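Content type CSV, N, CA, C and O atoms, from the file query_25.csv:
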```
chain,number,residue,atom,x,y,z
A,1,MET,N,88.4,152.3,97.7
A,1,MET,CA,89.5,151.6,97.1
A,1,MET,C,89.5,151.8,95.6
A,1,MET,O,88.4,151.7,94.9
A,2,ARG,N,90.6,152.1,95.0
A,2,ARG,CA,90.7,152.3,93.6
A,2,ARG,C,90.7,150.9,92.8
A,2,ARG,O,91.1,149.9,93.4
A,3,PRO,N,90.1,150.9,91.6
A,3,PRO,CA,90.1,149.6,90.9
A,3,PRO,C,91.5,149.2,90.6
A,3,PRO,O,92.4,149.9,90.7
A,4,SER,N,91.6,148.0,90.1
A,4,SER,CA,93.0,147.4,89.8
A,4,SER,C,93.6,148.3,88.7
A,4,SER,O,92.9,149.1,88.0
A,5,GLY,N,94.9,148.2,88.6
A,5,GLY,CA,95.6,149.0,87.6
A,5,GLY,C,95.1,148.8,86.2
A,5,GLY,O,95.0,149.8,85.4
A,6,ILE,N,94.8,147.6,85.8
A,6,ILE,CA,94.3,147.4,84.4
A,6,ILE,C,92.9,148.0,84.2
A,6,ILE,O,92.7,148.7,83.2
A,7,SER,N,92.0,147.9,85.2
A,7,SER,CA,90.7,148.5,85.0
A,7,SER,C,90.8,150.1,85.1
A,7,SER,O,90.1,150.8,84.4
A,8,TYR,N,91.7,150.6,85.9
A,8,TYR,CA,91.9,152.0,86.0
A,8,TYR,C,92.4,152.6,84.7
A,8,TYR,O,91.8,153.6,84.2
A,9,THR,N,93.4,152.0,84.1
A,9,THR,CA,94.0,152.5,82.9
A,9,THR,C,93.0,152.3,81.7
A,9,THR,O,92.9,153.1,80.9
A,10,SER,N,92.4,151.1,81.7
A,10,SER,CA,91.4,150.8,80.6
A,10,SER,C,90.2,151.7,80.7
A,10,SER,O,89.6,152.0,79.6
A,11,THR,N,89.8,152.2,81.8
A,11,THR,CA,88.7,153.1,82.0
A,11,THR,C,89.1,154.5,81.7
A,11,THR,O,88.5,155.3,81.0
A,12,TYR,N,90.3,155.0,82.2
A,12,TYR,CA,90.7,156.3,82.0
A,12,TYR,C,91.3,156.7,80.7
A,12,TYR,O,91.0,157.7,80.1
A,13,LEU,N,92.1,155.8,80.1
A,13,LEU,CA,92.9,156.1,78.9
A,13,LEU,C,92.0,156.4,77.7
A,13,LEU,O,92.3,157.3,76.9
A,14,PRO,N,90.9,155.7,77.5
A,14,PRO,CA,90.0,156.0,76.4
A,14,PRO,C,89.4,157.4,76.4
A,14,PRO,O,89.0,158.0,75.4
A,15,THR,N,89.4,158.1,77.6
A,15,THR,CA,88.9,159.4,77.7
A,15,THR,C,89.9,160.5,77.2
A,15,THR,O,89.5,161.6,77.0
A,16,ARG,N,91.1,160.1,76.9
A,16,ARG,CA,92.1,161.0,76.4
A,16,ARG,C,91.9,161.1,74.9
A,16,ARG,O,91.7,160.1,74.2
A,17,PRO,N,91.9,162.3,74.4
A,17,PRO,CA,91.5,162.5,72.9
A,17,PRO,C,92.4,161.8,71.9
A,17,PRO,O,91.9,161.4,70.9
A,18,ARG,N,93.7,161.7,72.2
A,18,ARG,CA,94.6,161.1,71.2
A,18,ARG,C,95.0,159.6,71.5
A,18,ARG,O,95.7,159.0,70.7
A,19,VAL,N,94.4,159.0,72.5
A,19,VAL,CA,94.8,157.7,72.9
A,19,VAL,C,93.7,156.7,72.4
A,19,VAL,O,92.5,156.9,72.5
A,20,THR,N,94.3,155.6,71.7
A,20,THR,CA,93.4,154.5,71.2
A,20,THR,C,93.9,153.3,71.9
A,20,THR,O,95.1,152.9,71.8
A,21,LEU,N,93.0,152.6,72.7
A,21,LEU,CA,93.4,151.3,73.2
A,21,LEU,C,93.2,150.2,72.2
A,21,LEU,O,92.3,150.2,71.4
A,22,HIS,N,94.1,149.3,72.2
A,22,HIS,CA,94.1,148.1,71.3
A,22,HIS,C,93.9,146.8,71.9
A,22,HIS,O,94.2,145.8,71.3
A,23,ASP,N,93.5,146.8,73.2
A,23,ASP,CA,93.2,145.5,73.9
A,23,ASP,C,91.9,144.9,73.4
A,23,ASP,O,91.0,145.6,73.1
A,24,LYS,N,91.9,143.6,73.3
A,24,LYS,CA,90.7,142.9,72.8
A,24,LYS,C,90.2,142.0,74.0
A,24,LYS,O,90.9,141.8,74.9
A,25,GLY,N,89.0,141.5,73.8
A,25,GLY,CA,88.5,140.5,74.7
A,25,GLY,C,87.7,141.2,75.9
A,25,GLY,O,88.0,142.3,76.3
A,26,ALA,N,86.8,140.4,76.4
A,26,ALA,CA,86.1,140.8,77.6
A,26,ALA,C,86.9,140.9,78.9
A,26,ALA,O,86.7,141.7,79.7
A,27,ARG,N,87.8,139.9,79.0
A,27,ARG,CA,88.7,139.9,80.2
A,27,ARG,C,90.0,140.5,79.9
A,27,ARG,O,90.7,140.0,78.9
A,28,LYS,N,90.4,141.4,80.6
A,28,LYS,CA,91.7,142.1,80.4
A,28,LYS,C,92.8,141.5,81.3
A,28,LYS,O,92.5,141.1,82.5
A,29,GLY,N,94.0,141.5,80.8
A,29,GLY,CA,95.1,141.0,81.6
A,29,GLY,C,95.9,142.2,82.2
A,29,GLY,O,95.4,143.3,82.3
A,30,GLY,N,97.2,141.9,82.5
A,30,GLY,CA,98.0,142.9,83.1
A,30,GLY,C,98.8,143.8,82.1
A,30,GLY,O,99.7,144.5,82.5
A,31,ILE,N,98.4,143.8,80.9
A,31,ILE,CA,99.1,144.6,79.8
A,31,ILE,C,98.0,145.4,79.1
A,31,ILE,O,97.0,144.9,78.7
A,32,VAL,N,98.4,146.7,79.0
A,32,VAL,CA,97.5,147.6,78.3
A,32,VAL,C,98.3,148.0,77.0
A,32,VAL,O,99.4,148.4,77.1
A,33,THR,N,97.6,147.8,75.8
A,33,THR,CA,98.2,148.2,74.6
A,33,THR,C,97.5,149.4,74.0
A,33,THR,O,96.3,149.4,74.0
A,34,PHE,N,98.2,150.3,73.5
A,34,PHE,CA,97.6,151.6,73.0
A,34,PHE,C,98.5,152.2,72.0
A,34,PHE,O,99.7,151.9,71.8
A,35,ALA,N,98.0,153.3,71.4
A,35,ALA,CA,98.7,154.1,70.5
A,35,ALA,C,98.3,155.6,70.7
A,35,ALA,O,97.1,155.8,71.1
A,36,LEU,N,99.2,156.5,70.5
A,36,LEU,CA,98.9,157.9,70.6
A,36,LEU,C,98.9,158.5,69.2
A,36,LEU,O,99.9,158.4,68.5
A,37,ALA,N,97.7,159.1,68.8
A,37,ALA,CA,97.6,159.6,67.5
A,37,ALA,C,98.6,160.7,67.2
A,37,ALA,O,99.0,161.5,68.1
A,38,GLY,N,99.2,160.7,66.0
A,38,GLY,CA,100.1,161.7,65.6
A,38,GLY,C,101.6,161.4,65.9
A,38,GLY,O,102.5,162.2,65.6
A,39,GLU,N,101.8,160.2,66.5
A,39,GLU,CA,103.2,159.8,66.6
A,39,GLU,C,103.3,158.3,66.6
A,39,GLU,O,102.3,157.6,66.8
A,40,THR,N,104.5,157.8,66.4
A,40,THR,CA,104.7,156.3,66.4
A,40,THR,C,104.8,155.8,67.8
A,40,THR,O,105.1,156.6,68.7
A,41,PRO,N,104.5,154.5,68.0
A,41,PRO,CA,104.7,153.9,69.3
A,41,PRO,C,106.1,154.1,69.9
A,41,PRO,O,106.3,154.4,71.0
A,42,LEU,N,107.1,154.1,69.0
A,42,LEU,CA,108.5,154.4,69.5
A,42,LEU,C,108.6,155.8,70.0
A,42,LEU,O,109.3,156.0,71.0
A,43,GLN,N,108.0,156.7,69.3
A,43,GLN,CA,108.1,158.1,69.8
A,43,GLN,C,107.4,158.2,71.2
A,43,GLN,O,107.9,158.9,72.1
A,44,THR,N,106.2,157.6,71.3
A,44,THR,CA,105.5,157.6,72.6
A,44,THR,C,106.4,157.0,73.7
A,44,THR,O,106.5,157.5,74.8
A,45,LYS,N,107.0,155.8,73.4
A,45,LYS,CA,107.9,155.2,74.4
A,45,LYS,C,109.0,156.1,74.8
A,45,LYS,O,109.3,156.2,76.0
A,46,THR,N,109.6,156.8,73.8
A,46,THR,CA,110.7,157.7,74.1
A,46,THR,C,110.2,158.9,75.0
A,46,THR,O,110.9,159.3,76.0
A,47,ARG,N,109.1,159.4,74.7
A,47,ARG,CA,108.5,160.6,75.4
A,47,ARG,C,108.2,160.1,76.8
A,47,ARG,O,108.4,160.9,77.8
A,48,LEU,N,107.6,159.0,77.0
A,48,LEU,CA,107.2,158.5,78.3
A,48,LEU,C,108.5,158.2,79.1
A,48,LEU,O,108.5,158.4,80.4
A,49,GLY,N,109.6,157.8,78.5
A,49,GLY,CA,110.8,157.6,79.1
A,49,GLY,C,111.4,158.8,79.8
A,49,GLY,O,112.1,158.8,80.8
A,50,GLU,N,111.1,160.0,79.2
A,50,GLU,CA,111.5,161.2,79.8
A,50,GLU,C,110.9,161.5,81.1
A,50,GLU,O,111.4,162.2,82.0
A,51,PHE,N,109.7,160.8,81.4
A,51,PHE,CA,109.1,160.8,82.7
A,51,PHE,C,109.5,159.7,83.6
A,51,PHE,O,108.9,159.4,84.6
A,52,ARG,N,110.5,158.9,83.1
A,52,ARG,CA,110.9,157.7,83.8
A,52,ARG,C,109.8,156.6,83.9
A,52,ARG,O,109.7,155.9,84.8
A,53,ILE,N,109.0,156.6,82.8
A,53,ILE,CA,107.9,155.6,82.7
A,53,ILE,C,108.4,154.6,81.7
A,53,ILE,O,108.8,154.9,80.5
A,54,ASN,N,108.5,153.3,82.1
A,54,ASN,CA,109.0,152.3,81.2
A,54,ASN,C,107.9,151.5,80.5
A,54,ASN,O,107.0,150.9,81.2
A,55,VAL,N,107.8,151.6,79.2
A,55,VAL,CA,106.9,150.8,78.4
A,55,VAL,C,107.7,150.1,77.3
A,55,VAL,O,108.9,150.4,77.1
A,56,SER,N,107.1,149.3,76.6
A,56,SER,CA,107.7,148.6,75.4
A,56,SER,C,106.9,148.8,74.2
A,56,SER,O,105.8,149.3,74.3
A,57,VAL,N,107.5,148.5,73.1
A,57,VAL,CA,106.8,148.6,71.8
A,57,VAL,C,106.7,147.2,71.2
A,57,VAL,O,107.7,146.5,71.1
A,58,SER,N,105.5,146.7,70.8
A,58,SER,CA,105.4,145.5,70.1
A,58,SER,C,105.1,145.8,68.7
A,58,SER,O,104.2,146.5,68.3
A,59,SER,N,106.0,145.2,67.8
A,59,SER,CA,105.8,145.5,66.4
A,59,SER,C,105.1,144.3,65.7
A,59,SER,O,105.0,143.2,66.3
A,60,ALA,N,104.6,144.6,64.5
A,60,ALA,CA,103.9,143.5,63.8
A,60,ALA,C,104.8,142.3,63.6
A,60,ALA,O,104.3,141.2,63.5
A,61,SER,N,106.1,142.5,63.5
A,61,SER,CA,107.0,141.3,63.3
A,61,SER,C,107.1,140.4,64.5
A,61,SER,O,107.4,139.3,64.3
A,62,SER,N,106.8,140.9,65.7
A,62,SER,CA,106.8,140.1,66.8
A,62,SER,C,105.4,139.7,67.3
A,62,SER,O,105.2,139.0,68.3
A,63,ALA,N,104.4,140.2,66.6
A,63,ALA,CA,103.0,139.8,67.0
A,63,ALA,C,102.3,139.5,65.6
A,63,ALA,O,101.2,140.1,65.3
A,64,ARG,N,102.8,138.5,64.9
A,64,ARG,CA,102.4,138.3,63.5
A,64,ARG,C,100.9,137.8,63.4
A,64,ARG,O,100.3,138.0,62.4
A,65,ILE,N,100.4,137.1,64.4
A,65,ILE,CA,99.1,136.6,64.4
A,65,ILE,C,98.1,137.7,64.6
A,65,ILE,O,97.0,137.8,63.9
A,66,ASP,N,98.4,138.7,65.4
A,66,ASP,CA,97.4,139.7,65.8
A,66,ASP,C,97.5,141.1,65.1
A,66,ASP,O,96.6,141.5,64.5
A,67,LEU,N,98.7,141.7,65.2
A,67,LEU,CA,98.8,143.1,64.7
A,67,LEU,C,98.5,143.2,63.2
A,67,LEU,O,97.8,144.1,62.8
A,68,PRO,N,99.2,142.5,62.3
A,68,PRO,CA,99.0,142.6,60.9
A,68,PRO,C,97.5,142.4,60.5
A,68,PRO,O,96.9,143.1,59.7
A,69,HIS,N,96.9,141.4,61.2
A,69,HIS,CA,95.5,141.1,60.9
A,69,HIS,C,94.6,142.4,61.2
A,69,HIS,O,93.5,142.6,60.5
A,70,ARG,N,95.0,143.2,62.2
A,70,ARG,CA,94.2,144.3,62.5
A,70,ARG,C,94.7,145.6,61.9
A,70,ARG,O,94.2,146.7,62.2
A,71,GLY,N,95.7,145.5,61.0
A,71,GLY,CA,96.2,146.6,60.3
A,71,GLY,C,97.1,147.5,61.1
A,71,GLY,O,97.2,148.7,60.8
A,72,LEU,N,97.7,147.0,62.1
A,72,LEU,CA,98.6,147.7,63.0
A,72,LEU,C,100.0,147.4,62.8
A,72,LEU,O,100.4,146.2,62.7
A,73,ASP,N,100.9,148.4,62.7
A,73,ASP,CA,102.3,148.2,62.5
A,73,ASP,C,103.0,147.9,63.9
A,73,ASP,O,104.0,147.2,64.0
A,74,ALA,N,102.5,148.6,64.9
A,74,ALA,CA,103.1,148.5,66.2
A,74,ALA,C,102.1,149.1,67.3
A,74,ALA,O,101.3,149.9,66.9
A,75,VAL,N,102.3,148.8,68.5
A,75,VAL,CA,101.5,149.3,69.6
A,75,VAL,C,102.5,149.5,70.8
A,75,VAL,O,103.5,148.9,70.9
A,76,VAL,N,102.1,150.4,71.7
A,76,VAL,CA,102.8,150.6,73.0
A,76,VAL,C,102.2,149.6,74.0
A,76,VAL,O,101.0,149.5,74.0
A,77,ARG,N,103.1,149.0,74.8
A,77,ARG,CA,102.6,148.0,75.8
A,77,ARG,C,103.1,148.6,77.1
A,77,ARG,O,104.2,148.8,77.4
A,78,ALA,N,102.1,148.7,78.0
A,78,ALA,CA,102.3,149.1,79.4
A,78,ALA,C,101.9,148.0,80.3
A,78,ALA,O,100.7,147.5,80.2
A,79,SER,N,102.8,147.5,81.1
A,79,SER,CA,102.4,146.4,82.0
A,79,SER,C,102.0,147.0,83.4
A,79,SER,O,102.8,147.6,84.1
A,80,VAL,N,100.7,146.9,83.7
A,80,VAL,CA,100.2,147.4,85.0
A,80,VAL,C,99.6,146.2,85.7
A,80,VAL,O,98.6,145.7,85.3
A,81,HIS,N,100.3,145.8,86.8
A,81,HIS,CA,99.8,144.6,87.5
A,81,HIS,C,100.2,144.7,88.9
A,81,HIS,O,100.5,145.8,89.4
A,82,ALA,N,100.2,143.6,89.6
A,82,ALA,CA,100.5,143.5,91.0
A,82,ALA,C,101.8,144.1,91.5
A,82,ALA,O,101.9,144.5,92.6
A,83,PHE,N,102.8,144.2,90.6
A,83,PHE,CA,104.1,144.8,91.0
A,83,PHE,C,104.1,146.3,91.0
A,83,PHE,O,105.0,146.9,91.4
A,84,ASN,N,103.1,146.9,90.4
A,84,ASN,CA,103.0,148.4,90.4
A,84,ASN,C,102.2,148.9,91.5
A,84,ASN,O,101.1,148.3,91.8
A,85,THR,N,102.6,150.0,92.1
A,85,THR,CA,101.9,150.6,93.1
A,85,THR,C,100.8,151.5,92.5
A,85,THR,O,100.9,151.9,91.3
A,86,GLU,N,99.8,151.9,93.3
A,86,GLU,CA,98.8,152.8,92.8
A,86,GLU,C,99.4,154.1,92.3
A,86,GLU,O,99.1,154.7,91.3
A,87,SER,N,100.4,154.6,93.1
A,87,SER,CA,101.0,155.9,92.7
A,87,SER,C,101.8,155.8,91.4
A,87,SER,O,101.9,156.7,90.6
A,88,GLU,N,102.4,154.6,91.1
A,88,GLU,CA,103.1,154.4,89.9
A,88,GLU,C,102.1,154.4,88.7
A,88,GLU,O,102.4,155.0,87.6
A,89,ILE,N,101.0,153.8,88.9
A,89,ILE,CA,100.0,153.7,87.8
A,89,ILE,C,99.4,155.1,87.6
A,89,ILE,O,99.3,155.6,86.4
A,90,GLU,N,99.2,155.9,88.6
A,90,GLU,CA,98.7,157.2,88.5
A,90,GLU,C,99.7,158.1,87.8
A,90,GLU,O,99.4,159.0,87.0
A,91,ARG,N,101.0,157.9,88.1
A,91,ARG,CA,102.1,158.7,87.5
A,91,ARG,C,102.1,158.4,85.9
A,91,ARG,O,102.3,159.3,85.1
A,92,PHE,N,101.9,157.1,85.6
A,92,PHE,CA,101.9,156.7,84.2
A,92,PHE,C,100.7,157.4,83.5
A,92,PHE,O,100.8,158.0,82.4
A,93,VAL,N,99.5,157.4,84.1
A,93,VAL,CA,98.3,158.0,83.5
A,93,VAL,C,98.5,159.5,83.3
A,93,VAL,O,98.2,160.1,82.3
A,94,LYS,N,99.1,160.1,84.4
A,94,LYS,CA,99.3,161.6,84.3
A,94,LYS,C,100.3,162.0,83.2
A,94,LYS,O,100.2,162.9,82.5
A,95,ALA,N,101.4,161.1,83.1
A,95,ALA,CA,102.4,161.4,82.1
A,95,ALA,C,101.8,161.2,80.7
A,95,ALA,O,102.0,162.1,79.8
A,96,LEU,N,101.0,160.2,80.5
A,96,LEU,CA,100.4,160.0,79.2
A,96,LEU,C,99.4,161.1,78.9
A,96,LEU,O,99.3,161.6,77.8
A,97,ALA,N,98.7,161.6,79.9
A,97,ALA,CA,97.8,162.7,79.7
A,97,ALA,C,98.5,164.0,79.3
A,97,ALA,O,98.0,164.7,78.5
A,98,SER,N,99.7,164.2,79.8
A,98,SER,CA,100.5,165.4,79.5
A,98,SER,C,100.9,165.3,78.0
A,98,SER,O,101.2,166.3,77.4
A,99,LEU,N,101.1,164.1,77.5
A,99,LEU,CA,101.5,163.9,76.1
A,99,LEU,C,100.3,164.0,75.1
A,99,LEU,O,100.5,164.4,74.0
A,100,SER,N,99.1,163.7,75.6
A,100,SER,CA,97.9,163.7,74.8
A,100,SER,C,97.2,165.0,75.0
A,100,SER,O,96.4,165.6,74.5
```
Is it possible to give me this structure as structure tokens?
Amino acid sequence: MRPSGISYTSTYLPTRPRVTLHDKGARKGGIVTFALAGETPLQTKTRLGEFRINVSVSSASSARIDLPHRGLDAVVRASVHAFNTESEIERFVKALASLS
């Protein structure tokens, strides 16, 4: 059995050379936040959209307590939880791998 979507993405994504995870804390929830080196989070969102992968961008203006404190202008947010199938999560990881 494959680990949950959050643990799968949190384990796999850091192995990608251009991906930086921005999740904090020992316990992870159903949202993975990350950035892809060399492009803005909006560019990453747009490129993933070409694969029909829906993610959002959180900007510092909407996460005033967290992002500015860590020196981040924005991050990409992917929600991977009980509503996603294993194949959808794998498709997200493969699409991101093709970008990085």
List every protein, DNA or RNA residue that has at least one atom no more than 8 Å from (96.3, 147.6, 67.4) in the file's coordinates, counting only C-alpha atoms, and write the result as a compact mmCIF listing (two decimals) with N, CA, C and O atoms, in the coordinates of the input.
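File produced: part_12.txt:
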```txt
# COMPACT_ATOMS: atom_id res chain seq x y z
N LEU A 21 93.00 152.60 72.70
CA LEU A 21 93.40 151.30 73.20
C LEU A 21 93.20 150.20 72.20
O LEU A 21 92.30 150.20 71.40
N HIS A 22 94.10 149.30 72.20
CA HIS A 22 94.10 148.10 71.30
C HIS A 22 93.90 146.80 71.90
O HIS A 22 94.20 145.80 71.30
N ASP A 23 93.50 146.80 73.20
CA ASP A 23 93.20 145.50 73.90
C ASP A 23 91.90 144.90 73.40
O ASP A 23 91.00 145.60 73.10
N THR A 33 97.60 147.80 75.80
CA THR A 33 98.20 148.20 74.60
C THR A 33 97.50 149.40 74.00
O THR A 33 96.30 149.40 74.00
N PHE A 34 98.20 150.30 73.50
CA PHE A 34 97.60 151.60 73.00
C PHE A 34 98.50 152.20 72.00
O PHE A 34 99.70 151.90 71.80
N ALA A 35 98.00 153.30 71.40
CA ALA A 35 98.70 154.10 70.50
C ALA A 35 98.30 155.60 70.70
O ALA A 35 97.10 155.80 71.10
N LEU A 67 98.70 141.70 65.20
CA LEU A 67 98.80 143.10 64.70
C LEU A 67 98.50 143.20 63.20
O LEU A 67 97.80 144.10 62.80
N ARG A 70 95.00 143.20 62.20
CA ARG A 70 94.20 144.30 62.50
C ARG A 70 94.70 145.60 61.90
O ARG A 70 94.20 146.70 62.20
N GLY A 71 95.70 145.50 61.00
CA GLY A 71 96.20 146.60 60.30
C GLY A 71 97.10 147.50 61.10
O GLY A 71 97.20 148.70 60.80
N LEU A 72 97.70 147.00 62.10
CA LEU A 72 98.60 147.70 63.00
C LEU A 72 100.00 147.40 62.80
O LEU A 72 100.40 146.20 62.70
N ASP A 73 100.90 148.40 62.70
CA ASP A 73 102.30 148.20 62.50
C ASP A 73 103.00 147.90 63.90
O ASP A 73 104.00 147.20 64.00
N ALA A 74 102.50 148.60 64.90
CA ALA A 74 103.10 148.50 66.20
C ALA A 74 102.10 149.10 67.30
O ALA A 74 101.30 149.90 66.90
N VAL A 75 102.30 148.80 68.50
CA VAL A 75 101.50 149.30 69.60
C VAL A 75 102.50 149.50 70.80
O VAL A 75 103.50 148.90 70.90
```
Would you mind listing, for every residue of stretch 42-70 of chain A within 12 Å of stretch 77-84 of chain A, the two atoms forming the shortest contact and the distance between them in Å to one decimal, using only C-alpha atoms, sorted by chain and ascending residue number, as CSV?
```
residue,atom,partner,partner_atom,distance
A:Leu42,CA,A:Arg77,CA,10.7
A:Thr44,CA,A:Arg77,CA,10.5
A:Lys45,CA,A:Arg77,CA,9.0
A:Leu48,CA,A:Ala78,CA,10.7
A:Ile53,CA,A:Ala78,CA,9.2
A:Asn54,CA,A:Ala78,CA,7.6
A:Val55,CA,A:Ala78,CA,5.0
A:Ser56,CA,A:Arg77,CA,5.2
A:Val57,CA,A:Arg77,CA,5.8
A:Ser58,CA,A:Arg77,CA,6.8
A:Ser59,CA,A:Arg77,CA,10.2
```
File dump, residues just selected, N, CA, C and O atoms, as an mmCIF file, in the frame of the given file:
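What landed in part_6.cif:
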```cif
data_model
loop_
_atom_site.group_PDB
_atom_site.id
_atom_site.type_symbol
_atom_site.label_atom_id
_atom_site.label_comp_id
_atom_site.auth_asym_id
_atom_site.auth_seq_id
_atom_site.Cartn_x
_atom_site.Cartn_y
_atom_site.Cartn_z
ATOM 1 N N LEU A 42 107.100 154.100 69.000
ATOM 2 C CA LEU A 42 108.500 154.400 69.500
ATOM 3 C C LEU A 42 108.600 155.800 70.000
ATOM 4 O O LEU A 42 109.300 156.000 71.000
ATOM 5 N N THR A 44 106.200 157.600 71.300
ATOM 6 C CA THR A 44 105.500 157.600 72.600
ATOM 7 C C THR A 44 106.400 157.000 73.700
ATOM 8 O O THR A 44 106.500 157.500 74.800
ATOM 9 N N LYS A 45 107.000 155.800 73.400
ATOM 10 C CA LYS A 45 107.900 155.200 74.400
ATOM 11 C C LYS A 45 109.000 156.100 74.800
ATOM 12 O O LYS A 45 109.300 156.200 76.000
ATOM 13 N N LEU A 48 107.600 159.000 77.000
ATOM 14 C CA LEU A 48 107.200 158.500 78.300
ATOM 15 C C LEU A 48 108.500 158.200 79.100
ATOM 16 O O LEU A 48 108.500 158.400 80.400
ATOM 17 N N ILE A 53 109.000 156.600 82.800
ATOM 18 C CA ILE A 53 107.900 155.600 82.700
ATOM 19 C C ILE A 53 108.400 154.600 81.700
ATOM 20 O O ILE A 53 108.800 154.900 80.500
ATOM 21 N N ASN A 54 108.500 153.300 82.100
ATOM 22 C CA ASN A 54 109.000 152.300 81.200
ATOM 23 C C ASN A 54 107.900 151.500 80.500
ATOM 24 O O ASN A 54 107.000 150.900 81.200
ATOM 25 N N VAL A 55 107.800 151.600 79.200
ATOM 26 C CA VAL A 55 106.900 150.800 78.400
ATOM 27 C C VAL A 55 107.700 150.100 77.300
ATOM 28 O O VAL A 55 108.900 150.400 77.100
ATOM 29 N N SER A 56 107.100 149.300 76.600
ATOM 30 C CA SER A 56 107.700 148.600 75.400
ATOM 31 C C SER A 56 106.900 148.800 74.200
ATOM 32 O O SER A 56 105.800 149.300 74.300
ATOM 33 N N VAL A 57 107.500 148.500 73.100
ATOM 34 C CA VAL A 57 106.800 148.600 71.800
ATOM 35 C C VAL A 57 106.700 147.200 71.200
ATOM 36 O O VAL A 57 107.700 146.500 71.100
ATOM 37 N N SER A 58 105.500 146.700 70.800
ATOM 38 C CA SER A 58 105.400 145.500 70.100
ATOM 39 C C SER A 58 105.100 145.800 68.700
ATOM 40 O O SER A 58 104.200 146.500 68.300
ATOM 41 N N SER A 59 106.000 145.200 67.800
ATOM 42 C CA SER A 59 105.800 145.500 66.400
ATOM 43 C C SER A 59 105.100 144.300 65.700
ATOM 44 O O SER A 59 105.000 143.200 66.300
#
```
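Pairwise distance (atom O of A:Arg16, atom O of A:Ser62) equals 25.7 Å.
Of note, atom CA of A:Gly30 and atom C of A:Gln43 are spaced 21.5 Å apart.
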### Task
Go through A:Ser100, A:Thr40, A:Thr46, A:Ser61 and flag the residue nearest A:Pro17, using all atoms listed in the file for the distances.
A:Ser100
### Summary
In Å and to one decimal, atom CA of A:Ile65 is distant from atom CA of A:Leu36 by 22.2 Å
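The protein and nucleic acid residues lying at most 8 Å from A:Phe92 are Leu48, Phe51, Arg52, Ile53, Asn54, Thr85, Glu86, Ser87, Ala97, Ser98 and Leu99 of chain A, with all atoms listed in the file considered and sequence neighbours fewer than 5 positions away removed.
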### Message
Which of stretch 51-95 of chain A end up as strand (DSSP E or B) when DSSP is run on this backbone - answer as a ChimeraX atom specification?
### Response
/A:56-59,74-79
